[in-house]
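Student: work21.txt (compact mmCIF, C-alpha atoms) pasted underneath:
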```txt
# COMPACT_ATOMS: atom_id res chain seq x y z
CA MET Q 777 -7.87 34.91 4.73
CA TYR Q 778 -6.11 31.72 5.75
CA LEU Q 779 -3.00 30.92 7.72
CA VAL Q 780 -0.18 28.77 6.39
CA GLN Q 781 2.23 26.95 8.66
CA SER Q 782 5.32 25.38 7.15
CA ARG Q 783 8.60 23.97 8.41
CA PRO Q 784 11.85 23.46 6.52
CA ARG Q 785 12.61 19.89 5.59
CA PRO Q 786 15.43 18.39 7.64
CA ALA Q 787 18.24 16.91 5.56
CA THR Q 788 19.83 13.48 5.90
CA ASP Q 789 22.72 13.18 3.46
CA GLY Q 790 20.93 15.83 1.47
CA ILE Q 791 17.74 13.78 0.98
CA THR Q 792 14.64 13.61 3.12
CA ALA Q 793 11.96 11.04 2.43
CA LEU Q 794 8.50 12.60 2.43
CA ALA Q 795 6.91 9.15 2.58
CA GLU Q 796 8.08 5.69 3.53
CA ALA Q 797 6.95 2.12 2.99
CA VAL Q 798 7.80 0.10 6.08
CA VAL Q 799 7.95 -3.64 5.45
CA ASP Q 800 7.61 -5.97 8.42
CA LEU Q 801 9.70 -9.02 7.54
CA SER Q 802 8.31 -10.92 10.52
CA ALA Q 803 4.91 -10.75 8.83
CA ILE Q 804 6.41 -12.34 5.71
CA ARG Q 805 7.82 -15.16 7.83
CA ASP Q 806 4.55 -15.62 9.71
CA ASN Q 807 2.60 -15.83 6.46
CA VAL Q 808 4.89 -18.54 5.09
CA ARG Q 809 4.55 -20.49 8.33
CA THR Q 810 0.76 -20.17 8.19
CA PHE Q 811 0.73 -21.97 4.84
CA ARG Q 812 3.27 -24.55 5.95
CA ARG Q 813 1.07 -25.46 8.91
CA ARG Q 814 -1.96 -25.91 6.67
CA VAL Q 815 -0.63 -27.84 3.67
CA PRO Q 816 1.96 -30.59 3.19
CA GLN Q 817 3.48 -29.19 0.01
CA GLU Q 818 6.66 -27.17 -0.12
CA VAL Q 819 6.36 -23.42 -0.63
CA LEU Q 820 7.45 -21.51 -3.72
CA ALA Q 821 7.55 -17.84 -2.72
CA VAL Q 822 6.56 -15.56 -5.62
CA VAL Q 823 8.68 -12.42 -5.44
CA LYS Q 824 8.01 -11.00 -8.91
CA ALA Q 825 7.43 -7.28 -9.47
CA ASN Q 826 10.00 -6.43 -6.79
CA GLY Q 827 8.19 -8.63 -4.32
CA PHE Q 828 4.81 -7.03 -5.06
CA GLY Q 829 6.50 -3.70 -4.34
CA HIS Q 830 7.87 -4.87 -0.98
CA GLY Q 831 11.44 -5.55 -2.15
CA ALA Q 832 12.27 -8.86 -3.81
CA VAL Q 833 15.54 -9.72 -2.09
CA PRO Q 834 14.60 -8.93 1.54
CA VAL Q 835 11.24 -10.67 1.08
CA ALA Q 836 12.88 -13.71 -0.53
CA ARG Q 837 15.34 -14.04 2.33
CA ALA Q 838 12.57 -13.79 4.92
CA ALA Q 839 10.44 -16.37 3.08
CA LEU Q 840 13.37 -18.78 2.86
CA ASP Q 841 14.12 -18.26 6.55
CA ALA Q 842 10.56 -19.39 7.28
CA GLY Q 843 10.85 -22.56 5.22
CA ALA Q 844 10.12 -21.70 1.59
CA THR Q 845 12.28 -23.85 -0.69
CA TRP Q 846 11.67 -22.27 -4.11
CA LEU Q 847 11.39 -18.76 -5.51
CA GLY Q 848 9.28 -17.70 -8.47
CA VAL Q 849 9.53 -14.61 -10.68
CA ALA Q 850 8.03 -13.43 -13.94
CA HIS Q 851 10.99 -11.86 -15.73
CA ALA Q 852 14.50 -13.15 -16.31
CA GLY Q 853 16.03 -10.01 -14.83
CA GLU Q 854 14.18 -10.64 -11.59
CA ALA Q 855 15.71 -14.11 -11.34
CA LEU Q 856 19.18 -12.75 -12.04
CA GLU Q 857 18.74 -10.12 -9.31
CA LEU Q 858 18.07 -12.88 -6.79
CA ARG Q 859 21.13 -14.82 -7.90
CA ALA Q 860 23.28 -11.67 -7.73
CA ALA Q 861 22.12 -11.28 -4.12
CA GLY Q 862 23.57 -14.72 -3.34
CA LEU Q 863 20.34 -16.72 -3.23
CA THR Q 864 21.07 -20.26 -4.41
CA VAL Q 865 17.69 -22.01 -4.05
CA PRO Q 866 15.80 -23.17 -7.16
CA ILE Q 867 14.14 -20.33 -9.06
CA LEU Q 868 11.46 -20.54 -11.74
CA THR Q 869 10.90 -17.76 -14.28
CA TRP Q 870 8.13 -17.81 -16.87
CA LEU Q 871 8.71 -14.73 -19.08
CA TYR Q 872 12.01 -14.39 -20.87
CA ASP Q 873 13.62 -13.58 -24.21
CA ALA Q 874 15.88 -15.89 -26.20
CA SER Q 875 18.74 -13.42 -25.71
CA GLU Q 876 18.55 -14.04 -21.94
CA LEU Q 877 18.84 -17.82 -22.05
CA MET Q 878 22.60 -18.05 -21.60
CA LEU Q 879 22.43 -15.74 -18.58
CA LEU Q 880 19.67 -17.87 -17.10
CA SER Q 881 21.69 -20.98 -17.83
CA ASP Q 882 24.76 -19.60 -16.06
CA ALA Q 883 22.54 -18.71 -13.10
CA GLY Q 884 20.92 -22.16 -13.00
CA VAL Q 885 17.38 -20.80 -13.31
CA ASP Q 886 14.45 -22.98 -14.41
CA VAL Q 887 12.49 -21.60 -17.36
CA SER Q 888 8.90 -22.34 -18.26
CA VAL Q 889 8.14 -23.87 -21.67
CA SER Q 890 4.69 -23.93 -23.29
CA THR Q 891 5.31 -24.90 -26.93
CA VAL Q 892 7.55 -27.09 -29.04
CA ALA Q 893 9.05 -23.94 -30.57
CA GLU Q 894 9.99 -22.66 -27.12
CA LEU Q 895 11.42 -26.04 -26.20
CA GLN Q 896 13.61 -26.09 -29.30
CA GLN Q 897 14.76 -22.59 -28.41
CA VAL Q 898 15.91 -23.54 -24.91
CA VAL Q 899 17.34 -27.00 -25.60
CA SER Q 900 21.08 -27.04 -24.86
CA ALA Q 901 20.77 -23.44 -23.61
CA VAL Q 902 19.37 -23.97 -20.11
CA PRO Q 903 19.77 -26.99 -17.82
CA PHE Q 904 16.25 -27.15 -16.40
CA VAL Q 905 12.81 -26.50 -17.85
CA GLN Q 906 9.30 -26.79 -16.52
CA LEU Q 907 6.52 -27.62 -18.95
CA LYS Q 908 3.36 -25.57 -18.53
CA LEU Q 909 -0.04 -26.97 -19.47
CA ASP Q 910 -3.02 -24.69 -20.10
CA THR Q 911 -5.73 -26.22 -17.94
CA GLY Q 912 -8.29 -23.46 -18.37
CA LEU Q 913 -6.79 -20.02 -17.78
CA HIS Q 914 -6.18 -19.69 -21.55
CA ARG Q 915 -3.35 -17.23 -21.14
CA SER Q 916 -0.15 -19.25 -21.53
CA GLY Q 917 0.77 -22.90 -21.38
CA SER Q 918 0.54 -25.70 -23.88
CA ALA Q 919 -2.79 -26.13 -25.64
CA PRO Q 920 -4.18 -29.57 -24.79
CA ASP Q 921 -4.01 -30.76 -28.38
CA GLN Q 922 -0.29 -29.95 -28.47
CA TRP Q 923 0.63 -31.43 -25.09
CA ILE Q 924 1.43 -34.95 -26.28
CA GLU Q 925 3.79 -33.64 -28.94
CA LEU Q 926 5.45 -31.29 -26.44
CA THR Q 927 6.00 -34.00 -23.83
CA ARG Q 928 7.29 -36.52 -26.37
CA MET Q 929 9.72 -33.98 -27.80
CA ALA Q 930 10.84 -33.02 -24.29
CA ALA Q 931 11.42 -36.68 -23.43
CA HIS Q 932 13.44 -37.08 -26.62
CA TYR Q 933 15.71 -34.15 -25.79
CA GLU Q 934 16.02 -35.29 -22.18
CA ALA Q 935 17.14 -38.74 -23.35
CA LEU Q 936 19.83 -37.02 -25.41
CA GLY Q 937 21.02 -35.15 -22.34
CA ALA Q 938 20.13 -31.79 -23.88
CA VAL Q 939 17.71 -30.70 -21.17
CA THR Q 940 16.12 -31.83 -17.92
CA VAL Q 941 12.38 -31.47 -17.39
CA ARG Q 942 12.30 -30.64 -13.71
CA GLY Q 943 8.63 -29.74 -13.41
CA ILE Q 944 5.13 -29.65 -14.83
CA TRP Q 945 2.78 -26.89 -13.82
CA SER Q 946 -0.32 -24.87 -14.57
CA HIS Q 947 -2.15 -21.82 -13.27
CA LEU Q 948 -5.63 -21.49 -11.77
CA SER Q 949 -8.24 -19.24 -13.33
CA HIS Q 950 -10.43 -19.04 -10.20
CA GLY Q 951 -7.75 -19.48 -7.56
CA ASP Q 952 -8.93 -16.47 -5.53
CA SER Q 953 -12.40 -17.96 -5.08
CA ALA Q 954 -13.63 -20.12 -2.22
CA ASP Q 955 -15.61 -22.10 -4.81
CA ALA Q 956 -13.15 -24.76 -5.93
CA VAL Q 957 -15.29 -26.35 -8.69
CA GLN Q 958 -13.31 -24.81 -11.56
CA SER Q 959 -10.04 -25.39 -9.72
CA GLU Q 960 -10.94 -29.06 -9.26
CA ARG Q 961 -11.51 -29.33 -13.01
CA GLN Q 962 -8.11 -27.81 -13.64
CA LEU Q 963 -6.49 -30.16 -11.14
CA GLN Q 964 -7.97 -33.17 -12.92
CA PHE Q 965 -6.79 -31.76 -16.23
CA LEU Q 966 -3.27 -31.34 -14.82
CA ARG Q 967 -3.30 -34.89 -13.47
CA THR Q 968 -4.14 -36.15 -16.95
CA GLY Q 969 -1.33 -34.04 -18.39
CA VAL Q 970 1.17 -35.41 -15.88
CA SER Q 971 0.07 -38.97 -16.66
CA LEU Q 972 0.62 -38.37 -20.37
CA ALA Q 973 4.02 -36.83 -19.70
CA ARG Q 974 5.08 -39.84 -17.67
CA ARG Q 975 3.81 -42.13 -20.41
CA ALA Q 976 6.12 -40.22 -22.76
CA GLY Q 977 9.02 -41.02 -20.44
CA LEU Q 978 9.29 -37.86 -18.33
CA ARG Q 979 9.80 -38.00 -14.58
CA PRO Q 980 9.28 -34.47 -13.24
CA SER Q 981 10.40 -33.90 -9.67
CA VAL Q 982 7.88 -31.12 -9.03
CA VAL Q 983 4.24 -30.70 -10.06
CA HIS Q 984 2.40 -27.54 -9.02
CA LEU Q 985 -0.87 -25.70 -9.63
CA ALA Q 986 -2.18 -23.85 -6.57
CA ASN Q 987 -1.73 -20.19 -5.78
CA SER Q 988 -2.25 -18.74 -2.27
CA ALA Q 989 -6.02 -19.21 -2.11
CA GLY Q 990 -5.94 -22.42 -4.13
CA ALA Q 991 -3.51 -23.89 -1.62
CA ILE Q 992 -6.26 -23.68 0.98
CA THR Q 993 -9.34 -24.56 -1.09
CA LEU Q 994 -7.89 -27.27 -3.32
CA ASP Q 995 -7.07 -30.75 -2.03
CA ALA Q 996 -4.10 -31.74 -4.18
CA PRO Q 997 -1.84 -34.11 -2.22
CA ASP Q 998 -0.23 -35.34 -5.43
CA THR Q 999 1.33 -31.94 -6.12
CA ASP Q 1000 4.69 -30.94 -4.69
CA LEU Q 1001 4.64 -27.14 -4.47
CA ILE Q 1002 2.23 -24.33 -3.70
CA ARG Q 1003 3.03 -20.93 -5.20
CA ILE Q 1004 2.48 -18.24 -2.59
CA GLY Q 1005 2.28 -14.74 -4.04
CA ALA Q 1006 -0.56 -12.65 -2.64
CA GLY Q 1007 -0.63 -14.54 0.64
CA LEU Q 1008 3.07 -13.93 1.20
CA TYR Q 1009 2.36 -10.23 1.60
CA GLY Q 1010 -0.75 -10.65 3.75
CA ILE Q 1011 -3.44 -10.41 1.07
CA ASP Q 1012 -5.93 -12.65 2.85
CA ASP Q 1013 -8.78 -13.49 0.47
CA LEU Q 1014 -9.95 -16.42 2.59
CA GLY Q 1015 -9.47 -14.99 6.08
CA ILE Q 1016 -6.88 -17.48 7.31
CA GLY Q 1017 -5.04 -15.06 9.56
CA LEU Q 1018 -2.36 -13.64 7.28
CA ARG Q 1019 -0.60 -10.43 8.28
CA PRO Q 1020 -0.20 -7.45 5.91
CA ALA Q 1021 3.51 -6.74 5.65
CA MET Q 1022 3.56 -3.13 4.42
CA ARG Q 1023 2.75 0.11 6.19
CA LEU Q 1024 2.77 3.31 4.11
CA THR Q 1025 3.47 6.49 6.04
CA SER Q 1026 4.05 10.16 5.36
CA LYS Q 1027 3.76 13.41 7.25
CA LEU Q 1028 1.92 16.68 7.05
CA THR Q 1029 3.96 19.38 5.32
CA GLN Q 1030 1.56 22.30 5.27
CA VAL Q 1031 -1.48 23.17 7.34
CA ARG Q 1032 -3.96 25.94 6.65
CA ARG Q 1033 -7.38 27.17 7.69
CA ILE Q 1034 -10.04 27.65 5.01
CA ARG Q 1035 -13.50 29.15 5.21
CA ALA Q 1036 -16.85 27.66 4.29
CA GLY Q 1037 -17.36 27.94 0.55
CA GLU Q 1038 -13.68 27.65 -0.37
CA GLY Q 1039 -12.59 24.83 -2.65
CA VAL Q 1040 -9.63 22.46 -2.47
CA SER Q 1041 -7.35 21.08 -5.20
CA TYR Q 1042 -7.97 20.98 -8.96
CA ARG Q 1043 -11.43 21.98 -10.20
CA HIS Q 1044 -12.60 22.38 -6.59
CA ASP Q 1045 -14.31 19.00 -6.51
CA PHE Q 1046 -14.42 19.58 -2.76
CA VAL Q 1047 -15.93 22.78 -1.39
CA ALA Q 1048 -15.90 23.27 2.39
CA ASP Q 1049 -19.32 23.42 4.02
CA ARG Q 1050 -17.79 24.92 7.17
CA ASP Q 1051 -14.63 26.61 8.33
CA THR Q 1052 -12.05 23.86 8.67
CA THR Q 1053 -8.36 22.99 8.78
CA VAL Q 1054 -6.83 21.28 5.76
CA ALA Q 1055 -3.41 19.67 5.62
CA LEU Q 1056 -1.10 18.62 2.80
CA VAL Q 1057 0.27 15.08 2.52
CA PRO Q 1058 3.28 15.05 0.12
CA ILE Q 1059 2.62 11.85 -1.82
CA GLY Q 1060 0.47 11.40 -4.91
CA TYR Q 1061 -0.44 9.21 -7.83
CA ALA Q 1062 3.15 9.27 -9.14
CA ASP Q 1063 4.01 7.42 -5.94
CA GLY Q 1064 1.15 4.93 -6.18
CA ILE Q 1065 -1.69 6.72 -4.39
CA PRO Q 1066 -4.72 5.86 -6.55
CA ARG Q 1067 -6.28 8.98 -8.04
CA ALA Q 1068 -9.62 7.18 -8.19
CA ALA Q 1069 -9.77 7.01 -4.37
CA ALA Q 1070 -10.28 10.76 -4.03
CA GLY Q 1071 -13.41 11.65 -2.11
CA ARG Q 1072 -13.64 8.23 -0.46
CA ALA Q 1073 -10.25 7.57 1.11
CA SER Q 1074 -8.93 8.58 4.50
CA VAL Q 1075 -5.67 8.50 6.45
CA LEU Q 1076 -4.82 8.26 10.14
CA CYS Q 1077 -3.30 11.21 12.00
CA ARG Q 1078 -3.33 11.71 15.77
CA GLY Q 1079 -5.42 8.55 16.02
CA VAL Q 1080 -8.18 10.12 13.91
CA ARG Q 1081 -9.31 9.15 10.41
CA MET Q 1082 -9.03 12.25 8.24
CA PRO Q 1083 -10.83 12.17 4.87
CA VAL Q 1084 -8.96 12.83 1.66
CA ILE Q 1085 -10.60 15.85 0.04
CA GLY Q 1086 -10.32 17.20 -3.46
CA ARG Q 1087 -8.43 15.54 -6.28
CA ILE Q 1088 -5.33 13.47 -5.59
CA ALA Q 1089 -2.52 15.11 -7.54
CA MET Q 1090 0.70 13.67 -8.93
CA ASP Q 1091 2.77 14.52 -5.85
CA GLN Q 1092 0.34 15.35 -3.05
CA PHE Q 1093 -3.16 15.26 -1.66
CA VAL Q 1094 -5.13 17.16 0.97
CA VAL Q 1095 -6.94 15.91 4.07
CA ASP Q 1096 -9.61 17.55 6.21
CA ALA Q 1097 -8.35 17.86 9.80
CA GLY Q 1098 -11.49 19.61 11.03
CA ASP Q 1099 -10.75 21.59 14.18
CA LEU Q 1100 -7.78 19.52 15.31
CA GLY Q 1101 -4.74 21.65 15.90
CA VAL Q 1102 -2.44 19.64 13.67
CA GLU Q 1103 0.96 20.97 12.71
CA PRO Q 1104 3.45 20.38 9.89
CA GLY Q 1105 5.68 17.38 10.49
CA GLU Q 1106 3.03 15.26 12.19
CA PRO Q 1107 3.08 11.61 11.06
CA VAL Q 1108 0.35 10.19 8.86
CA THR Q 1109 -0.42 6.53 8.23
CA ILE Q 1110 -1.89 6.07 4.78
CA PHE Q 1111 -2.43 2.33 5.14
CA GLY Q 1112 -1.27 -0.50 7.35
CA ALA Q 1113 -2.52 -3.61 9.07
CA GLY Q 1114 -5.51 -1.77 10.55
CA THR Q 1115 -4.62 -2.73 14.12
CA ASN Q 1116 -4.34 0.90 15.26
CA GLY Q 1117 -7.37 2.19 13.40
CA GLU Q 1118 -5.51 3.10 10.23
CA PRO Q 1119 -6.95 2.29 6.79
CA THR Q 1120 -5.83 -0.97 5.26
CA ALA Q 1121 -4.55 -1.64 1.76
CA ARG Q 1122 -7.80 -3.48 1.09
CA GLU Q 1123 -9.79 -0.36 1.98
CA TRP Q 1124 -7.68 1.72 -0.39
CA ALA Q 1125 -8.16 -0.91 -3.08
CA ASP Q 1126 -11.93 -0.82 -2.56
CA TRP Q 1127 -11.96 2.98 -2.62
CA SER Q 1128 -10.15 2.99 -5.95
CA GLY Q 1129 -11.87 0.00 -7.59
CA THR Q 1130 -8.82 -2.23 -7.76
CA ILE Q 1131 -7.06 -4.99 -5.78
CA GLU Q 1132 -4.39 -4.89 -3.11
CA HIS Q 1133 -1.89 -6.45 -5.52
CA GLU Q 1134 -2.04 -3.40 -7.81
CA LEU Q 1135 -1.87 -0.99 -4.91
CA TYR Q 1136 1.30 -2.55 -3.50
CA CYS Q 1137 2.97 -2.88 -6.90
CA GLY Q 1138 2.21 0.74 -7.67
CA ILE Q 1139 4.16 2.23 -4.77
CA GLY Q 1140 6.83 4.08 -6.73
CA ASN Q 1141 10.58 4.49 -6.49
CA ARG Q 1142 10.32 7.88 -4.79
CA VAL Q 1143 9.05 6.05 -1.72
CA PRO Q 1144 11.95 4.34 0.05
CA ARG Q 1145 11.43 0.96 1.67
CA ARG Q 1146 12.53 0.40 5.25
CA TYR Q 1147 12.63 -3.05 6.80
CA GLU Q 1148 11.80 -3.93 10.35
CA GLU Q 1149 11.12 -6.95 12.51
CA GLY Q 1150 7.76 -6.25 14.07
CA THR Q 1151 5.97 -8.06 16.85
CA ARG Q 1152 2.50 -9.51 16.88
```
Once you've parsed the file, please lay out its structure as structure tokens.

Tutor:
Amino acid sequence: MYLVQSRPRPATDGITALAEAVVDLSAIRDNVRTFRRRVPQEVLAVVKANGFGHGAVPVARAALDAGATWLGVAHAGEALELRAAGLTVPILTWLYDASELMLLSDAGVDVSVSTVAELQQVVSAVPFVQLKLDTGLHRSGSAPDQWIELTRMAAHYEALGAVTVRGIWSHLSHGDSADAVQSERQLQFLRTGVSLARRAGLRPSVVHLANSAGAITLDAPDTDLIRIGAGLYGIDDLGIGLRPAMRLTSKLTQVRRIRAGEGVSYRHDFVADRDTTVALVPIGYADGIPRAAAGRASVLCRGVRMPVIGRIAMDQFVVDAGDLGVEPGEPVTIFGAGTNGEPTAREWADWSGTIEHELYCGIGNRVPRRYEEGTR
């Protein structure tokens, strides 16, 4: 036999959040300031993918408050969302469809161009472009043997007043590594590309290459921007004192006692080796909790790390509370900054064989975001 305790869910306007992602905007500001203290370049805050799941518009505003001067997004719709929110700073987007060009033009958004065909597509459609050179990532950007043609054609169209080449940029392949050898090669490649572009008659106002880690490891005083994505949210690959900005919380909804030998969740991957108390946390892989972390992960409740037991389901998972007298409604911290003993996003990423970026981006729409101004 086992006992089940349960409480009715309180209603707020008919809806009660069973989990919540709390975003500390002061951490976003602190992270921007950390980079500004360390490097002379201006900061382009990357707020793609809904600000890595943190909320693009609130994060963008916080980053700009702290001194960022540019915003970067992947998709055209993301850029238009920022403009609709009243943000007027320069924005760069690098993935778009031809059907979106007039909207981007009306919004004054820079678009990335990697080929002559793309250039011809955007000419007279958007006011500003940034030419991208492939310096070694081999994902997008102009192939080196096509760069001279691209820059000459761009200079031709610029002379006709059909377009303005505002920037030249590239993307690091090993930017998350403390070993800057490959990044140095890419920087030299970019410098050659910029020289060729200027020889063709272009005068870009911004040149940029470094991501968050590259901004620290790569000495590039002749570039104008650093693109801060991961570091903006506190993903600190190099240990420079960045602050994680998101805390994911939930609460216990059911508590029960099980006996030794009884199994938990699908297929009974976990079988109790003693009588124990198990508790239900109402958030699952549909909300971004990695299924692969089952059997390794833990959460914090009552100041105690409680292991996740059994399989993580679509909407819920179970923790082992041992002999603690926990009750439904008690708060649970799934991950946070780690300052109060709670697991961090990095721990969850390690438990599930992924990276913090994916974990943050995976927090689903059923989890509301709440914004606060925390203190250090």

Student: Can you tell me, as a CSV table (one decimal) with C-alpha atoms, in the coordinates of the input, what residues are no more than 9 Å from range 1103-1109 of chain Q when counting only C-alpha atoms, ignoring any on the same chain fewer than 3 positions away?

Tutor:
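Output below, filename around32.csv:
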```
chain,number,residue,atom,x,y,z
Q,781,GLN,CA,2.2,27.0,8.7
Q,782,SER,CA,5.3,25.4,7.2
Q,783,ARG,CA,8.6,24.0,8.4
Q,785,ARG,CA,12.6,19.9,5.6
Q,1023,ARG,CA,2.8,0.1,6.2
Q,1024,LEU,CA,2.8,3.3,4.1
Q,1025,THR,CA,3.5,6.5,6.0
Q,1026,SER,CA,4.0,10.2,5.4
Q,1027,LYS,CA,3.8,13.4,7.2
Q,1028,LEU,CA,1.9,16.7,7.0
Q,1029,THR,CA,4.0,19.4,5.3
Q,1030,GLN,CA,1.6,22.3,5.3
Q,1031,VAL,CA,-1.5,23.2,7.3
Q,1055,ALA,CA,-3.4,19.7,5.6
Q,1056,LEU,CA,-1.1,18.6,2.8
Q,1057,VAL,CA,0.3,15.1,2.5
Q,1075,VAL,CA,-5.7,8.5,6.4
Q,1076,LEU,CA,-4.8,8.3,10.1
Q,1077,CYS,CA,-3.3,11.2,12.0
Q,1078,ARG,CA,-3.3,11.7,15.8
Q,1112,GLY,CA,-1.3,-0.5,7.4
Q,1118,GLU,CA,-5.5,3.1,10.2
Q,1119,PRO,CA,-7.0,2.3,6.8
```

Student: Point out the residue among Q:Thr864, Q:Ser888, Q:Thr810, Q:Thr792 with the least atom-to-atom distance to Ala836 in chain Q, counting all atoms listed in the file.

Tutor: Q:Thr864

Student: Quick one: distance from CA of Leu877 in chain Q to CA of Gly843 in chain Q in Å, one decimal?

Tutor: 28.8 Å

Student: For CA of Lys908 in chain Q and CA of Asp1013 in chain Q, determine how far apart the two atoms are, in Å to one decimal place.

Tutor: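 Computed distance, CA of Lys908 in chain Q to CA of Asp1013 in chain Q, equals 25.6 Å.
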
Student: If you take only C-alpha atoms and a cut-off of 8 Å, which residues of range 965-1019 of chain Q touch range 914-929 of chain Q, and what are their nearest atom pairs and distances in Å to one decimal, in chain and number order, as a Markdown table?

Tutor:
```
| residue | atom | partner | partner_atom | distance |
| --- | --- | --- | --- | --- |
| Q:Gly969 | CA | Q:Trp923 | CA | 7.5 |
| Q:Leu972 | CA | Q:Ile924 | CA | 6.9 |
| Q:Ala973 | CA | Q:Thr927 | CA | 5.4 |
| Q:Ala976 | CA | Q:Arg928 | CA | 5.3 |
| Q:Gly977 | CA | Q:Arg928 | CA | 7.6 |
| Q:Leu978 | CA | Q:Thr927 | CA | 7.5 |
```

Student: Residues at most 10 Å from Pro1066 in chain Q, counting all atoms listed in the file, excluding those fewer than 5 positions away in the same chain, as a PyMOL selection string?

Tutor: chain Q and resi 1060-1061+1073+1088-1090+1124-1125+1127-1130+1134-1135+1138-1139

Student: To one decimal place, how far is CA of Pro1144 in chain Q from CA of Leu879 in chain Q in Å?

Tutor: 29.3 Å

Student: In terms of the shortest atom-to-atom distance over all atoms listed in the file, which of Q:Ala956, Q:Ile1065, Q:Ala852, Q:Ala844 is closest to Pro866 in chain Q?

Tutor: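 Of all the options, Q:Ala844 lies closest to Pro866 in chain Q.
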
Student: (10.5, -6.7, -0.8) in this file's frame - what residues fall within 12 Å of it? Use all atoms listed in the file and give the answer as a PyMOL selection string.

Tutor: chain Q and resi 797-801+803-804+821-839+858+1005+1008-1009+1021-1022+1136-1137+1139+1144-1148

Student: Could you give me, as a ChimeraX atom specification, the residues within 8 Å of Ala855 in chain Q, counting only C-alpha atoms and dropping anything in the same chain fewer than 6 positions from it?

Tutor: /Q:848-849,867-869,880,885

Student: Hey, what's within 7 Å of range 897-907 of chain Q if we count all atoms listed in the file and toss same-chain stuff fewer than 6 positions away? As a VMD selection string, please?

Tutor: chain Q and resid 877 to 878 880 to 881 884 886 to 890 938 to 945

Student: Using only C-alpha atoms for the distances, tell me which of Q:Asp995, Q:Asp955, Q:Asp1096, Q:Asp841 is nearest to Ile1034 in chain Q.

Tutor: Q:Asp1096

Student: Would you mind completing range 970-974 of chain Q to all heavy atoms and writing the output as a compact mmCIF listing (two decimals), in the coordinates of the input?

Tutor:
```
# COMPACT_ATOMS: atom_id res chain seq x y z
N VAL Q 970 0.00 -34.79 -16.51
CA VAL Q 970 1.17 -35.41 -15.88
C VAL Q 970 1.25 -36.88 -16.25
O VAL Q 970 2.33 -37.41 -16.55
CB VAL Q 970 1.11 -35.22 -14.35
CG1 VAL Q 970 2.20 -36.05 -13.67
CG2 VAL Q 970 1.26 -33.74 -13.98
N SER Q 971 0.10 -37.55 -16.27
CA SER Q 971 0.07 -38.97 -16.66
C SER Q 971 0.59 -39.15 -18.08
O SER Q 971 1.38 -40.07 -18.36
CB SER Q 971 -1.35 -39.51 -16.53
OG SER Q 971 -1.41 -40.85 -16.94
N LEU Q 972 0.15 -38.28 -18.99
CA LEU Q 972 0.62 -38.37 -20.37
C LEU Q 972 2.12 -38.08 -20.47
O LEU Q 972 2.83 -38.72 -21.27
CB LEU Q 972 -0.17 -37.39 -21.24
CG LEU Q 972 -1.65 -37.73 -21.48
CD1 LEU Q 972 -2.36 -36.58 -22.14
CD2 LEU Q 972 -1.78 -39.00 -22.32
N ALA Q 973 2.59 -37.14 -19.68
CA ALA Q 973 4.02 -36.83 -19.70
C ALA Q 973 4.83 -38.01 -19.20
O ALA Q 973 5.90 -38.33 -19.76
CB ALA Q 973 4.29 -35.60 -18.84
N ARG Q 974 4.36 -38.66 -18.18
CA ARG Q 974 5.08 -39.84 -17.67
C ARG Q 974 5.03 -40.98 -18.67
O ARG Q 974 6.00 -41.73 -18.83
CB ARG Q 974 4.49 -40.25 -16.32
CG ARG Q 974 4.88 -39.26 -15.21
CD ARG Q 974 4.26 -39.60 -13.88
NE ARG Q 974 4.79 -38.71 -12.84
CZ ARG Q 974 4.13 -38.33 -11.76
NH1 ARG Q 974 2.88 -38.77 -11.56
NH2 ARG Q 974 4.70 -37.55 -10.87
```
